[in-house]
file query-v1.txt (compact mmCIF, C-alpha atoms)
# COMPACT_ATOMS: atom_id res chain seq x y z
CA MET A 861 0.00 0.00 0.00
CA SER A 862 1.41 3.43 -0.96
CA ASP A 863 1.83 6.45 1.29
CA ILE A 864 -0.87 8.42 -0.55
CA ALA A 865 -3.36 10.17 1.76
CA PRO A 866 -6.92 8.74 2.01
CA ASP A 867 -8.47 11.80 0.36
CA LEU A 868 -6.14 11.57 -2.62
CA ALA A 869 -6.79 7.83 -2.89
CA PHE A 870 -10.53 8.52 -2.86
CA GLN A 871 -10.32 11.23 -5.50
CA GLY A 872 -8.19 8.87 -7.60
CA ARG A 873 -10.90 6.17 -7.27
CA ARG A 874 -8.50 3.91 -5.38
CA TYR A 875 -11.30 3.02 -2.99
CA ASP A 876 -9.81 -0.12 -1.45
CA GLU A 877 -6.68 1.80 -0.53
CA ALA A 878 -8.71 4.66 0.93
CA VAL A 879 -10.75 2.20 3.03
CA GLN A 880 -7.59 0.50 4.34
CA LYS A 881 -6.03 3.80 5.40
CA LEU A 882 -9.22 5.11 6.96
CA THR A 883 -9.83 1.85 8.82
CA GLN A 884 -6.32 2.02 10.27
CA GLY A 885 -6.85 5.64 11.21
CA LEU A 886 -10.13 4.79 12.94
CA GLN A 887 -8.44 2.02 14.93
CA ASP A 888 -5.68 4.43 15.96
CA GLN A 889 -8.33 6.91 17.16
CA GLY A 890 -10.03 4.53 19.57
CA GLU A 891 -13.44 5.21 21.12
CA ASP A 892 -12.49 8.64 22.46
CA GLY A 893 -10.42 9.93 19.56
CA ARG A 894 -11.06 13.55 18.65
CA ASP A 895 -11.43 12.69 14.93
CA GLN A 896 -13.38 9.44 15.35
CA LEU A 897 -16.53 10.88 13.76
CA LEU A 898 -14.65 12.09 10.68
CA TYR A 899 -13.15 8.65 10.06
CA LEU A 900 -16.59 7.04 10.35
CA LEU A 901 -18.12 9.56 7.93
CA ASP A 902 -15.34 9.16 5.38
CA LEU A 903 -15.47 5.36 5.56
CA GLY A 904 -19.22 5.38 5.08
CA LEU A 905 -18.96 7.61 2.03
CA VAL A 906 -16.08 5.75 0.37
CA LEU A 907 -17.92 2.44 0.74
CA HIS A 908 -21.13 4.04 -0.56
CA THR A 909 -19.27 5.33 -3.63
CA GLN A 910 -17.76 1.87 -4.08
CA GLY A 911 -21.25 0.34 -4.15
CA LYS A 912 -20.87 -1.51 -0.82
CA PHE A 913 -24.07 -0.07 0.56
CA GLN A 914 -24.64 -2.51 3.44
CA LYS A 915 -21.10 -2.02 4.78
CA SER A 916 -21.42 1.72 4.26
CA ASN A 917 -24.52 1.76 6.43
CA GLU A 918 -22.65 0.06 9.28
CA TYR A 919 -20.33 3.06 9.48
CA PHE A 920 -23.07 5.64 8.93
CA LEU A 921 -25.23 4.13 11.70
CA LYS A 922 -22.23 4.25 14.04
CA ALA A 923 -21.50 7.82 12.95
CA ASP A 924 -25.10 8.80 13.67
CA GLN A 925 -24.76 7.46 17.22
CA VAL A 926 -21.35 9.09 17.76
CA ALA A 927 -22.59 12.46 16.46
CA GLU A 928 -25.34 12.42 19.09
CA ILE A 929 -22.90 11.46 21.87
CA LYS A 930 -20.33 14.07 20.87
CA ASP A 931 -22.85 16.85 21.30
CA TYR A 932 -21.60 16.65 24.89
CA THR A 933 -18.17 18.15 25.55
CA SER A 934 -16.44 17.94 28.93
CA LEU A 935 -16.06 21.22 30.83
CA SER A 936 -12.29 20.72 31.09
CA THR A 937 -11.89 20.36 27.33
CA GLU A 938 -14.25 23.25 26.63
CA GLY A 939 -12.32 25.46 29.03
CA ALA A 940 -8.98 24.50 27.55
CA THR A 941 -10.04 25.67 24.10
CA PHE A 942 -10.42 29.22 25.40
CA LEU A 943 -6.67 29.19 26.04
CA THR A 944 -5.46 27.12 23.08
CA THR A 945 -7.38 25.90 20.01
CA ASP A 946 -10.70 24.32 19.10
CA GLN A 947 -8.77 21.52 17.39
CA ILE A 948 -8.16 19.75 20.73
CA ARG A 949 -11.90 19.13 21.08
CA GLN A 950 -13.59 16.01 19.78
CA TYR A 951 -15.11 16.74 16.39
CA LYS A 952 -18.88 16.85 16.81
CA GLY A 953 -19.83 17.46 13.18
CA GLU A 954 -21.45 20.44 11.53
CA ASP A 955 -25.24 20.48 11.61
CA PHE A 956 -25.52 19.92 7.86
CA GLU A 957 -23.16 16.94 8.14
CA LYS A 958 -25.37 15.30 10.77
CA VAL A 959 -28.36 15.72 8.45
CA LEU A 960 -26.44 14.17 5.55
CA ILE A 961 -25.69 11.03 7.58
CA ASN A 962 -29.38 10.15 7.39
CA THR A 963 -29.59 11.29 3.77
CA TYR A 964 -26.90 8.78 2.83
CA LEU A 965 -28.50 6.07 4.95
CA ALA A 966 -31.75 6.66 3.04
CA MET A 967 -29.93 6.50 -0.30
CA ASN A 968 -28.10 3.30 0.67
CA TYR A 969 -31.29 1.57 1.76
CA ALA A 970 -33.05 2.66 -1.45
CA LEU A 971 -30.17 1.32 -3.54
CA LEU A 972 -30.40 -1.96 -1.61
CA GLY A 973 -34.12 -2.17 -2.36
CA ASP A 974 -35.01 -1.75 1.33
CA HIS A 975 -37.62 0.94 0.75
CA GLU A 976 -39.09 0.77 4.25
CA ASN A 977 -35.84 1.65 6.03
CA ALA A 978 -35.01 4.18 3.32
CA LEU A 979 -38.24 5.99 4.12
CA VAL A 980 -37.46 5.91 7.86
CA GLU A 981 -34.11 7.62 7.27
CA ALA A 982 -35.53 10.17 4.81
CA ARG A 983 -38.11 11.15 7.43
CA ARG A 984 -35.37 11.43 10.07
CA VAL A 985 -33.67 14.04 7.88
CA ASN A 986 -36.76 16.21 8.06
CA ARG A 987 -37.17 15.68 11.82
CA LYS A 988 -33.54 16.62 12.47
CA LEU A 989 -33.92 19.82 10.48
CA ASP A 990 -37.17 20.67 12.26
CA ARG A 991 -35.43 20.21 15.60
CA MET A 992 -32.46 22.36 14.58
CA VAL A 993 -34.79 25.13 13.46
CA ASN A 994 -37.14 24.98 16.46
CA GLU A 995 -34.67 24.23 19.26
CA GLY A 996 -31.56 25.87 17.85
CA GLN A 997 -33.31 28.94 16.45
CA ARG A 998 -31.49 28.45 13.15
CA LYS A 999 -32.64 29.58 9.71
CA TYR A 1000 -32.04 26.21 8.05
CA LYS A 1001 -34.20 25.11 5.12
CA GLN A 1002 -35.57 21.65 4.53
CA ASN A 1003 -33.51 19.29 2.39
CA ALA A 1004 -35.33 19.12 -0.96
CA PHE A 1005 -33.44 15.99 -2.00
CA ALA A 1006 -34.55 14.09 1.13
CA ARG A 1007 -38.11 15.39 0.72
CA TYR A 1008 -38.27 14.28 -2.88
CA LEU A 1009 -36.79 10.88 -2.03
CA SER A 1010 -39.32 10.37 0.76
CA ALA A 1011 -42.12 11.30 -1.67
CA ILE A 1012 -40.92 8.62 -4.13
CA LEU A 1013 -40.66 6.09 -1.32
CA TYR A 1014 -44.16 6.91 -0.08
CA GLU A 1015 -45.38 6.13 -3.59
CA VAL A 1016 -43.53 2.82 -3.54
CA GLN A 1017 -45.03 1.98 -0.14
CA GLY A 1018 -48.57 2.78 -1.34
CA HIS A 1019 -49.09 6.05 0.55
CA PRO A 1020 -49.90 8.58 -2.20
CA ASP A 1021 -51.42 11.08 0.24
CA ASP A 1022 -48.12 11.35 2.15
CA ALA A 1023 -46.21 11.47 -1.14
CA TYR A 1024 -48.42 14.36 -2.26
CA ILE A 1025 -47.56 16.32 0.91
CA ASP A 1026 -43.83 15.85 0.35
CA TYR A 1027 -44.06 16.80 -3.32
CA LYS A 1028 -45.80 20.02 -2.23
CA SER A 1029 -42.88 20.70 0.14
CA VAL A 1030 -40.41 20.14 -2.70
CA HIS A 1031 -42.35 22.57 -4.87
CA GLU A 1032 -41.97 25.21 -2.17
CA LEU A 1033 -38.22 24.54 -1.91
CA GLU A 1034 -37.34 23.92 -5.57
CA PRO A 1035 -40.28 25.08 -7.70
CA SER A 1036 -38.29 24.71 -10.93
CA PHE A 1037 -37.70 20.97 -10.50
CA PRO A 1038 -38.91 19.27 -13.72
CA ASN A 1039 -42.31 17.56 -13.83
CA LEU A 1040 -43.34 18.41 -10.27
CA GLY A 1041 -46.79 19.21 -11.61
CA LEU A 1042 -47.05 15.64 -12.93
CA ASP A 1043 -45.84 14.24 -9.59
CA LEU A 1044 -48.43 16.27 -7.70
CA TRP A 1045 -51.23 15.34 -10.11
CA ARG A 1046 -50.35 11.63 -10.04
CA THR A 1047 -50.31 11.34 -6.23
CA ALA A 1048 -53.43 13.49 -5.84
CA TRP A 1049 -55.18 11.26 -8.39
CA MET A 1050 -54.02 8.09 -6.61
CA ALA A 1051 -55.12 9.50 -3.24
CA GLY A 1052 -58.51 10.65 -4.55
CA LEU A 1053 -57.84 14.32 -3.77
CA HIS A 1054 -60.31 15.66 -6.37
CA GLU A 1055 -60.23 19.30 -5.25
CA SER A 1056 -56.43 19.27 -5.42
CA LEU A 1057 -56.53 17.87 -8.96
CA ALA A 1058 -58.42 20.90 -10.22
CA GLU A 1059 -55.99 23.22 -8.48
CA ILE A 1060 -52.95 21.40 -9.92
CA ASN A 1061 -54.44 21.46 -13.43
CA ARG A 1062 -54.89 25.21 -13.14
CA ASP A 1063 -51.51 26.03 -11.57
CA PHE A 1064 -49.44 23.84 -13.91
CA HIS A 1065 -51.62 24.16 -17.03
CA LEU A 1066 -51.88 20.38 -17.38
CA THR A 1067 -53.63 18.72 -20.30
CA ARG A 1068 -55.13 15.26 -20.74
CA GLU A 1069 -51.89 14.23 -22.41
CA ASP A 1070 -50.04 15.36 -19.27
CA HIS A 1071 -52.40 13.23 -17.18
CA LYS A 1072 -51.51 10.16 -19.25
CA LYS A 1073 -47.83 10.99 -18.86
CA ALA A 1074 -48.23 11.41 -15.09
CA LYS A 1075 -49.68 7.90 -14.75
CA ARG A 1076 -46.72 6.26 -16.50
CA GLY A 1077 -44.52 4.28 -14.10
CA ALA A 1078 -47.09 4.44 -11.30
CA PRO A 1079 -47.87 1.27 -9.31
CA GLY A 1080 -50.01 -0.99 -11.46
CA SER A 1081 -48.90 0.53 -14.76
CA GLN A 1082 -47.21 -1.40 -17.57
CA GLN A 1083 -44.00 0.62 -17.23
CA GLY A 1084 -41.36 0.99 -14.56
CA GLU A 1085 -39.02 3.75 -13.49
CA ILE A 1086 -35.29 4.30 -13.01
CA ILE A 1087 -34.35 6.79 -10.29
CA VAL A 1088 -30.82 8.16 -10.81
CA PHE A 1089 -28.87 9.66 -7.90
CA TYR A 1090 -26.03 11.88 -9.10
CA GLU A 1091 -23.50 13.07 -6.52
CA ASN A 1092 -21.69 15.81 -8.35
CA GLY A 1093 -18.31 17.34 -7.59
CA ILE A 1094 -16.52 17.88 -4.31
CA SER A 1095 -17.71 19.84 -1.26
CA PRO A 1096 -16.11 23.09 -0.04
CA VAL A 1097 -13.14 22.92 2.31
CA LYS A 1098 -12.57 24.91 5.50
CA VAL A 1099 -9.82 27.53 5.45
CA PRO A 1100 -8.92 30.31 7.94
CA HIS A 1101 -11.16 33.37 7.60
CA PRO A 1102 -9.24 36.04 5.64
CA TYR A 1103 -10.05 38.78 8.19
CA PHE A 1104 -10.28 36.65 11.35
CA PRO A 1105 -7.92 33.66 10.90
CA GLU A 1106 -8.85 32.14 14.25
CA ILE A 1107 -12.23 31.06 12.85
CA PRO A 1108 -12.92 28.92 9.72
CA VAL A 1109 -14.74 29.73 6.52
CA PHE A 1110 -15.83 27.31 3.79
CA SER A 1111 -14.09 27.80 0.46
CA ALA A 1112 -15.55 26.33 -2.75
CA ARG A 1113 -13.40 23.83 -4.64
CA TYR A 1114 -13.02 23.35 -8.37
CA ASN A 1115 -16.19 21.85 -9.84
CA PRO A 1116 -16.44 22.09 -13.65
CA ILE A 1117 -19.68 20.08 -14.07
CA PHE A 1118 -23.15 21.55 -13.47
CA ASP A 1119 -25.39 18.57 -14.28
CA ALA A 1120 -25.30 15.36 -16.33
CA GLN A 1121 -26.92 13.81 -19.37
CA VAL A 1122 -28.31 10.34 -18.67
CA TYR A 1123 -28.08 7.63 -21.33
CA LEU A 1124 -30.01 4.35 -21.44
CA ASN A 1125 -28.43 1.70 -23.64
CA GLY A 1126 -26.46 4.45 -25.34
CA HIS A 1127 -29.43 6.74 -26.05
CA GLU A 1128 -30.14 10.10 -24.43
CA ALA A 1129 -32.91 9.69 -21.87
CA GLY A 1130 -32.89 12.77 -19.64
CA ARG A 1131 -30.82 15.10 -17.46
CA THR A 1132 -30.13 15.28 -13.76
CA PHE A 1133 -31.34 18.25 -11.72
CA ILE A 1134 -29.88 19.74 -8.53
CA LEU A 1135 -32.12 19.16 -5.52
CA HIS A 1136 -29.70 19.95 -2.71
CA SER A 1137 -26.58 22.12 -2.83
CA ILE A 1138 -24.24 20.86 -0.11
CA GLN A 1139 -21.83 23.66 -0.97
CA ARG A 1140 -24.42 26.40 -0.40
CA THR A 1141 -25.76 24.71 2.73
CA ALA A 1142 -22.28 24.34 4.25
CA ILE A 1143 -21.46 28.00 3.67
CA GLU A 1144 -24.82 29.23 4.97
CA ASN A 1145 -24.74 26.99 8.06
CA LEU A 1146 -21.30 28.24 9.03
CA ASP A 1147 -22.38 31.84 8.41
CA GLU A 1148 -25.14 31.28 10.96
CA LYS A 1149 -22.51 30.48 13.58
CA TYR A 1150 -20.11 33.38 12.97
CA ALA A 1151 -21.52 35.67 15.65
CA ALA A 1152 -21.25 32.94 18.30
CA MET A 1153 -17.76 31.91 17.15
CA ILE A 1154 -16.47 35.49 17.24
CA ALA A 1155 -17.98 36.08 20.68
CA ARG A 1156 -16.30 32.90 21.90
CA LYS A 1157 -12.95 34.01 20.48
CA PHE A 1158 -13.24 37.38 22.25
CA ALA A 1159 -13.96 35.50 25.48
CA GLY A 1160 -10.82 33.51 24.76
CA VAL A 1161 -8.81 36.72 24.35
CA LEU A 1162 -9.94 37.85 27.80
CA ALA A 1163 -9.08 34.46 29.30
CA LYS A 1164 -5.59 34.52 27.76
CA GLU A 1165 -4.91 38.00 29.07
CA VAL A 1166 -6.02 37.03 32.58
CA VAL A 1167 -3.89 33.87 32.61
CA GLY A 1168 -0.85 35.72 31.25
CA ASP A 1169 -1.19 38.46 33.84
CA GLN A 1170 -1.53 35.87 36.62
CA ILE A 1171 1.65 34.10 35.46
CA ALA A 1172 3.53 37.43 35.43
CA GLU A 1173 2.21 38.33 38.88
CA ARG A 1174 2.93 34.96 40.52
CA THR A 1175 6.41 34.59 39.01
CA HIS A 1176 7.23 38.27 39.34
CA ASP A 1177 8.41 38.02 35.76
CA PRO A 1178 6.50 40.21 33.23
CA LEU A 1179 8.50 38.68 30.37
CA LEU A 1180 7.32 35.17 31.28
CA GLY A 1181 3.73 36.39 31.36
CA PHE A 1182 4.19 37.99 27.96
CA ILE A 1183 5.71 34.80 26.53
CA ALA A 1184 2.79 32.76 27.90
CA LYS A 1185 0.32 35.08 26.13
CA VAL A 1186 2.22 34.81 22.86
CA ILE A 1187 2.23 31.00 23.04
CA MET A 1188 -1.52 30.92 23.73
CA TYR A 1189 -2.30 33.30 20.86
CA VAL A 1190 -0.06 31.46 18.39
CA SER A 1191 -1.67 28.11 19.29
CA ASP A 1192 -5.18 29.50 18.79
CA GLN A 1193 -5.85 28.44 15.23
CA ALA A 1194 -9.07 27.88 13.29
CA ASP A 1195 -10.51 24.37 13.44
CA LEU A 1196 -10.43 23.33 9.78
CA ARG A 1197 -11.86 19.85 10.21
CA SER A 1198 -14.89 18.86 8.11
CA TRP A 1199 -16.35 15.96 6.12
CA ASN A 1200 -14.24 16.57 3.02
CA PHE A 1201 -15.40 13.61 0.88
CA LEU A 1202 -18.89 15.00 0.30
CA PRO A 1203 -20.08 16.04 -3.17
CA LYS A 1204 -20.83 19.64 -4.09
CA ASP A 1205 -24.51 18.82 -4.63
CA LEU A 1206 -27.06 16.03 -4.83
CA GLN A 1207 -28.96 15.64 -8.10
CA LEU A 1208 -31.70 13.34 -9.34
CA ALA A 1209 -33.29 12.16 -12.59
CA ARG A 1210 -36.45 10.07 -13.13
CA LEU A 1211 -36.77 7.94 -16.22
CA VAL A 1212 -39.97 6.05 -17.07
CA VAL A 1213 -39.14 2.97 -19.17
CA ASP A 1214 -40.62 -0.27 -20.45
CA PRO A 1215 -39.74 -3.41 -18.47
CA GLY A 1216 -36.30 -4.74 -19.34
CA VAL A 1217 -32.57 -4.56 -18.67
CA TYR A 1218 -30.81 -1.21 -19.14
CA ASP A 1219 -27.24 0.04 -19.08
CA VAL A 1220 -27.36 3.45 -17.39
CA THR A 1221 -24.52 5.84 -18.22
CA LEU A 1222 -23.76 9.47 -17.35
CA ASP A 1223 -20.46 10.14 -19.10
CA GLU A 1224 -17.42 8.28 -20.37
CA SER A 1225 -15.41 8.75 -17.17
CA LEU A 1226 -17.95 6.95 -14.98
CA PRO A 1227 -18.67 3.22 -15.17
CA SER A 1228 -22.13 2.31 -16.42
CA ARG A 1229 -24.69 0.60 -14.16
CA ARG A 1230 -26.87 -2.28 -15.34
CA VAL A 1231 -30.37 -2.41 -13.88
CA LYS A 1232 -33.44 -4.60 -14.37
CA VAL A 1233 -36.78 -2.79 -14.41
CA GLU A 1234 -40.16 -4.44 -13.81
CA ALA A 1235 -43.60 -3.07 -14.67
CA GLY A 1236 -44.95 -0.74 -11.99
CA LYS A 1237 -41.66 -0.88 -10.02
CA LYS A 1238 -38.92 1.63 -9.30
CA VAL A 1239 -35.19 0.86 -9.25
CA PHE A 1240 -32.50 3.17 -7.86
CA VAL A 1241 -28.99 3.68 -9.21
CA ASN A 1242 -26.22 6.10 -8.18
CA PHE A 1243 -23.19 7.82 -9.71
CA ARG A 1244 -20.44 9.98 -8.20
CA TYR A 1245 -18.38 12.45 -10.20
CA ILE A 1246 -15.14 13.76 -8.64
CA PRO A 1247 -13.11 16.40 -10.50
call {"tool": "encode", "arguments": {"input": "query-v1.txt", "output": "structure tokens"}}
result
Amino acid sequence: MSDIAPDLAFQGRRYDEAVQKLTQGLQDQGEDGRDQLLYLLDLGLVLHTQGKFQKSNEYFLKADQVAEIKDYTSLSTEGATFLTTDQIRQYKGEDFEKVLINTYLAMNYALLGDHENALVEARRVNRKLDRMVNEGQRKYKQNAFARYLSAILYEVQGHPDDAYIDYKSVHELEPSFPNLGLDLWRTAWMAGLHESLAEINRDFHLTREDHKKAKRGAPGSQQGEIIVFYENGISPVKVPHPYFPEIPVFSARYNPIFDAQVYLNGHEAGRTFILHSIQRTAIENLDEKYAAMIARKFAGVLAKEVVGDQIAERTHDPLLGFIAKVIMYVSDQADLRSWNFLPKDLQLARLVVDPGVYDVTLDESLPSRRVKVEAGKKVFVNFRYIP
């Protein structure tokens, strides 16, 4: 095994090597390691990208538990960071990262064909966000990707009324998502929501031909559906703030691709559409915390001054007190840790097809996926593009 770092191995699609290095790093961390959560998150995502969805879920489920536990930080460690650096604390995960744990669990279960557990995890995404907004007084938005996935899964489970509610939520979050009018009409029709049908027809200017199109791929129809997950690009990375280097800021990384053309058996079949921008969410979530982080750093400045003055007073050596202050200030650096293997955004495409076997392709650099589609059924497939 080479000395290449896990992130470089991952970006080079050397997944086995990345897993080996991350597994060793996790073992070295132990149960109380300050970066334990990051190793679990990275392992889960590498295995997901590799197509080992069951094994990926083992790490994501553990990460979900650890993220909850690490919301507690000991008073001694918390106090020490006022004098040194946040990097000595156990990494607890950014709020958006905790939400994405359940998003990936939902995707993995869907890709495994376990639609019931996929729906459980998709609903947990929404509950986590509700709790963060209501209890944390944050301005976070719902995750449109998770909402749309839960709507699809409700359809699969035979709950069109619940699917209709989630499609309405998606329309509020991403009103430009293609064919939402057809999704709303189909689930309202299946649920017998006759008043809603008239409203949808009016708002989306649907015709009888649209109604026929909306029914294609629905349970009981003669066609099936391929749901394509497209994880595009690489997420932003934390760097020191240009005007306040003791706190972090997310910086976007190079991402040349906006969306992807989907091919079935070599023929153009549709395009993916962005439903959740991880890049935008990461930047906005950290922006929400700036006031608290700056206030904490100013409290740290006061603590350092007090400790330095006490050292000078007790040792009767002003120079020693000054040196102690300098050491504390120099050691106070921004905590740049984050879940760096994430994509820039999560995209989705829906393709209604006749029953059969299909080779699904996005571009020449990504391996194709072969899927078998049955009448009235939905099958999920995923792709990850890394610049």
call {"tool": "closest_residue", "arguments": {"input": "query-v1.txt", "among": "A:Arg1229, A:Arg1113, A:Lys1238, A:Lys1075", "to": "Lys1204 (chain A)", "atoms": "only C-alpha atoms"}}
result
A:Arg1113
call {"tool": "atom_distance", "arguments": {"input": "query-v1.txt", "atom1": "CA of Asn962 (chain A)", "atom2": "CA of Asp924 (chain A)"}}
result
7.7 Å
call {"tool": "closest_residue", "arguments": {"input": "query-v1.txt", "among": "A:Ile1060, A:Ser1228, A:Val1239, A:Leu921", "to": "Ile1012 (chain A)", "atoms": "only C-alpha atoms"}}
result
A:Val1239
call {"tool": "residues_near_point", "arguments": {"input": "query-v1.txt", "point": "(-8.5, 27.3, 6.7)", "cutoff": "6 Å", "atoms": "only C-alpha atoms", "output": "ChimeraX atom specification"}}
result
/A:1098-1100,1108,1196
call {"tool": "write_last_selection", "arguments": {"input": "query-v1.txt", "atoms": "C-alpha atoms", "output": "PDB file, in the coordinates of the input"}}
result
ATOM      1  CA  LYS A1098     -12.570  24.910   5.500  1.00  0.00           C
ATOM      2  CA  VAL A1099      -9.820  27.530   5.450  1.00  0.00           C
ATOM      3  CA  PRO A1100      -8.920  30.310   7.940  1.00  0.00           C
ATOM      4  CA  PRO A1108     -12.920  28.920   9.720  1.00  0.00           C
ATOM      5  CA  LEU A1196     -10.430  23.330   9.780  1.00  0.00           C
TER       6      LEU A1196
END
call {"tool": "closest_residue", "arguments": {"input": "query-v1.txt", "among": "A:Arg1076, A:Arg1174, A:His908, A:Lys1001", "to": "Asn1145 (chain A)", "atoms": "all atoms listed in the file"}}
result
A:Lys1001
call {"tool": "atom_distance", "arguments": {"input": "query-v1.txt", "atom1": "CA of Leu972 (chain A)", "atom2": "CA of Glu1234 (chain A)"}}
result
15.8 Å
call {"tool": "atom_distance", "arguments": {"input": "query-v1.txt", "atom1": "CA of Glu918 (chain A)", "atom2": "CA of Val879 (chain A)"}}
result
13.6 Å
call {"tool": "closest_residue", "arguments": {"input": "query-v1.txt", "among": "A:Ala1051, A:Leu971, A:Val926, A:Leu1202", "to": "Leu897 (chain A)", "atoms": "all atoms listed in the file"}}
result
A:Val926
call {"tool": "residues_around", "arguments": {"input": "query-v1.txt", "residues": "Val1220 (chain A)", "least_positions_apart": "6", "cutoff": "12 Å", "atoms": "all atoms listed in the file", "output": "number ranges by chain"}}
result
A: 1086-1090, 1121-1130, 1209, 1211, 1213, 1226-1233, 1239-1243
call {"tool": "residues_around", "arguments": {"input": "query-v1.txt", "residues": "Ser1081 (chain A)", "least_positions_apart": "2", "cutoff": "12 Å", "atoms": "all atoms listed in the file", "output": "list in words"}}
result
Lys1072, Lys1073, Ala1074, Lys1075, Arg1076, Gly1077, Ala1078, Pro1079, Gln1083, Gly1084, Glu1085, Val1212, Val1213, Asp1214, Pro1215, Glu1234, Ala1235, Gly1236, Lys1237 and Lys1238 of chain A
call {"tool": "write_last_selection", "arguments": {"input": "query-v1.txt", "atoms": "C-alpha atoms", "output": "CSV table (one decimal), in the frame of the given file"}}
result
chain,number,residue,atom,x,y,z
A,1072,LYS,CA,-51.5,10.2,-19.2
A,1073,LYS,CA,-47.8,11.0,-18.9
A,1074,ALA,CA,-48.2,11.4,-15.1
A,1075,LYS,CA,-49.7,7.9,-14.8
A,1076,ARG,CA,-46.7,6.3,-16.5
A,1077,GLY,CA,-44.5,4.3,-14.1
A,1078,ALA,CA,-47.1,4.4,-11.3
A,1079,PRO,CA,-47.9,1.3,-9.3
A,1083,GLN,CA,-44.0,0.6,-17.2
A,1084,GLY,CA,-41.4,1.0,-14.6
A,1085,GLU,CA,-39.0,3.8,-13.5
A,1212,VAL,CA,-40.0,6.0,-17.1
A,1213,VAL,CA,-39.1,3.0,-19.2
A,1214,ASP,CA,-40.6,-0.3,-20.4
A,1215,PRO,CA,-39.7,-3.4,-18.5
A,1234,GLU,CA,-40.2,-4.4,-13.8
A,1235,ALA,CA,-43.6,-3.1,-14.7
A,1236,GLY,CA,-45.0,-0.7,-12.0
A,1237,LYS,CA,-41.7,-0.9,-10.0
A,1238,LYS,CA,-38.9,1.6,-9.3
call {"tool": "build_atoms", "arguments": {"input": "query-v1.txt", "residues": "region 1112-1126 of chain A", "atoms": "N, CA and C atoms", "output": "PDB file, in the coordinates of the input"}}
result
ATOM      1  N   ALA A1112     -15.131  27.230  -1.673  1.00  0.00           N
ATOM      2  CA  ALA A1112     -15.550  26.330  -2.750  1.00  0.00           C
ATOM      3  C   ALA A1112     -14.335  25.748  -3.466  1.00  0.00           C
ATOM      4  N   ARG A1113     -14.451  24.482  -3.870  1.00  0.00           N
ATOM      5  CA  ARG A1113     -13.400  23.830  -4.640  1.00  0.00           C
ATOM      6  C   ARG A1113     -13.790  23.730  -6.108  1.00  0.00           C
ATOM      7  N   TYR A1114     -12.832  23.401  -6.922  1.00  0.00           N
ATOM      8  CA  TYR A1114     -13.020  23.350  -8.370  1.00  0.00           C
ATOM      9  C   TYR A1114     -14.062  22.302  -8.735  1.00  0.00           C
ATOM     10  N   ASN A1115     -15.117  22.745  -9.409  1.00  0.00           N
ATOM     11  CA  ASN A1115     -16.190  21.850  -9.840  1.00  0.00           C
ATOM     12  C   ASN A1115     -16.646  22.269 -11.236  1.00  0.00           C
ATOM     13  N   PRO A1116     -16.142  21.641 -12.288  1.00  0.00           N
ATOM     14  CA  PRO A1116     -16.440  22.090 -13.650  1.00  0.00           C
ATOM     15  C   PRO A1116     -17.797  21.639 -14.197  1.00  0.00           C
ATOM     16  N   ILE A1117     -18.436  20.666 -13.544  1.00  0.00           N
ATOM     17  CA  ILE A1117     -19.680  20.080 -14.070  1.00  0.00           C
ATOM     18  C   ILE A1117     -20.885  20.648 -13.332  1.00  0.00           C
ATOM     19  N   PHE A1118     -21.916  21.040 -14.084  1.00  0.00           N
ATOM     20  CA  PHE A1118     -23.150  21.550 -13.470  1.00  0.00           C
ATOM     21  C   PHE A1118     -24.178  20.442 -13.295  1.00  0.00           C
ATOM     22  N   ASP A1119     -24.446  19.686 -14.360  1.00  0.00           N
ATOM     23  CA  ASP A1119     -25.390  18.570 -14.280  1.00  0.00           C
ATOM     24  C   ASP A1119     -24.920  17.495 -15.260  1.00  0.00           C
ATOM     25  N   ALA A1120     -25.743  16.472 -15.482  1.00  0.00           N
ATOM     26  CA  ALA A1120     -25.300  15.360 -16.330  1.00  0.00           C
ATOM     27  C   ALA A1120     -26.411  14.875 -17.244  1.00  0.00           C
ATOM     28  N   GLN A1121     -26.020  14.476 -18.430  1.00  0.00           N
ATOM     29  CA  GLN A1121     -26.920  13.810 -19.370  1.00  0.00           C
ATOM     30  C   GLN A1121     -26.956  12.325 -19.043  1.00  0.00           C
ATOM     31  N   VAL A1122     -28.159  11.761 -18.962  1.00  0.00           N
ATOM     32  CA  VAL A1122     -28.310  10.340 -18.670  1.00  0.00           C
ATOM     33  C   VAL A1122     -28.591   9.581 -19.969  1.00  0.00           C
ATOM     34  N   TYR A1123     -27.889   8.472 -20.152  1.00  0.00           N
ATOM     35  CA  TYR A1123     -28.080   7.630 -21.330  1.00  0.00           C
ATOM     36  C   TYR A1123     -28.578   6.249 -20.900  1.00  0.00           C
ATOM     37  N   LEU A1124     -29.534   5.719 -21.639  1.00  0.00           N
ATOM     38  CA  LEU A1124     -30.010   4.350 -21.440  1.00  0.00           C
ATOM     39  C   LEU A1124     -29.687   3.554 -22.689  1.00  0.00           C
ATOM     40  N   ASN A1125     -28.873   2.523 -22.507  1.00  0.00           N
ATOM     41  CA  ASN A1125     -28.430   1.700 -23.640  1.00  0.00           C
ATOM     42  C   ASN A1125     -27.866   2.560 -24.773  1.00  0.00           C
ATOM     43  N   GLY A1126     -27.135   3.594 -24.372  1.00  0.00           N
ATOM     44  CA  GLY A1126     -26.460   4.450 -25.340  1.00  0.00           C
ATOM     45  C   GLY A1126     -27.284   5.577 -25.909  1.00  0.00           C
TER      46      GLY A1126
END
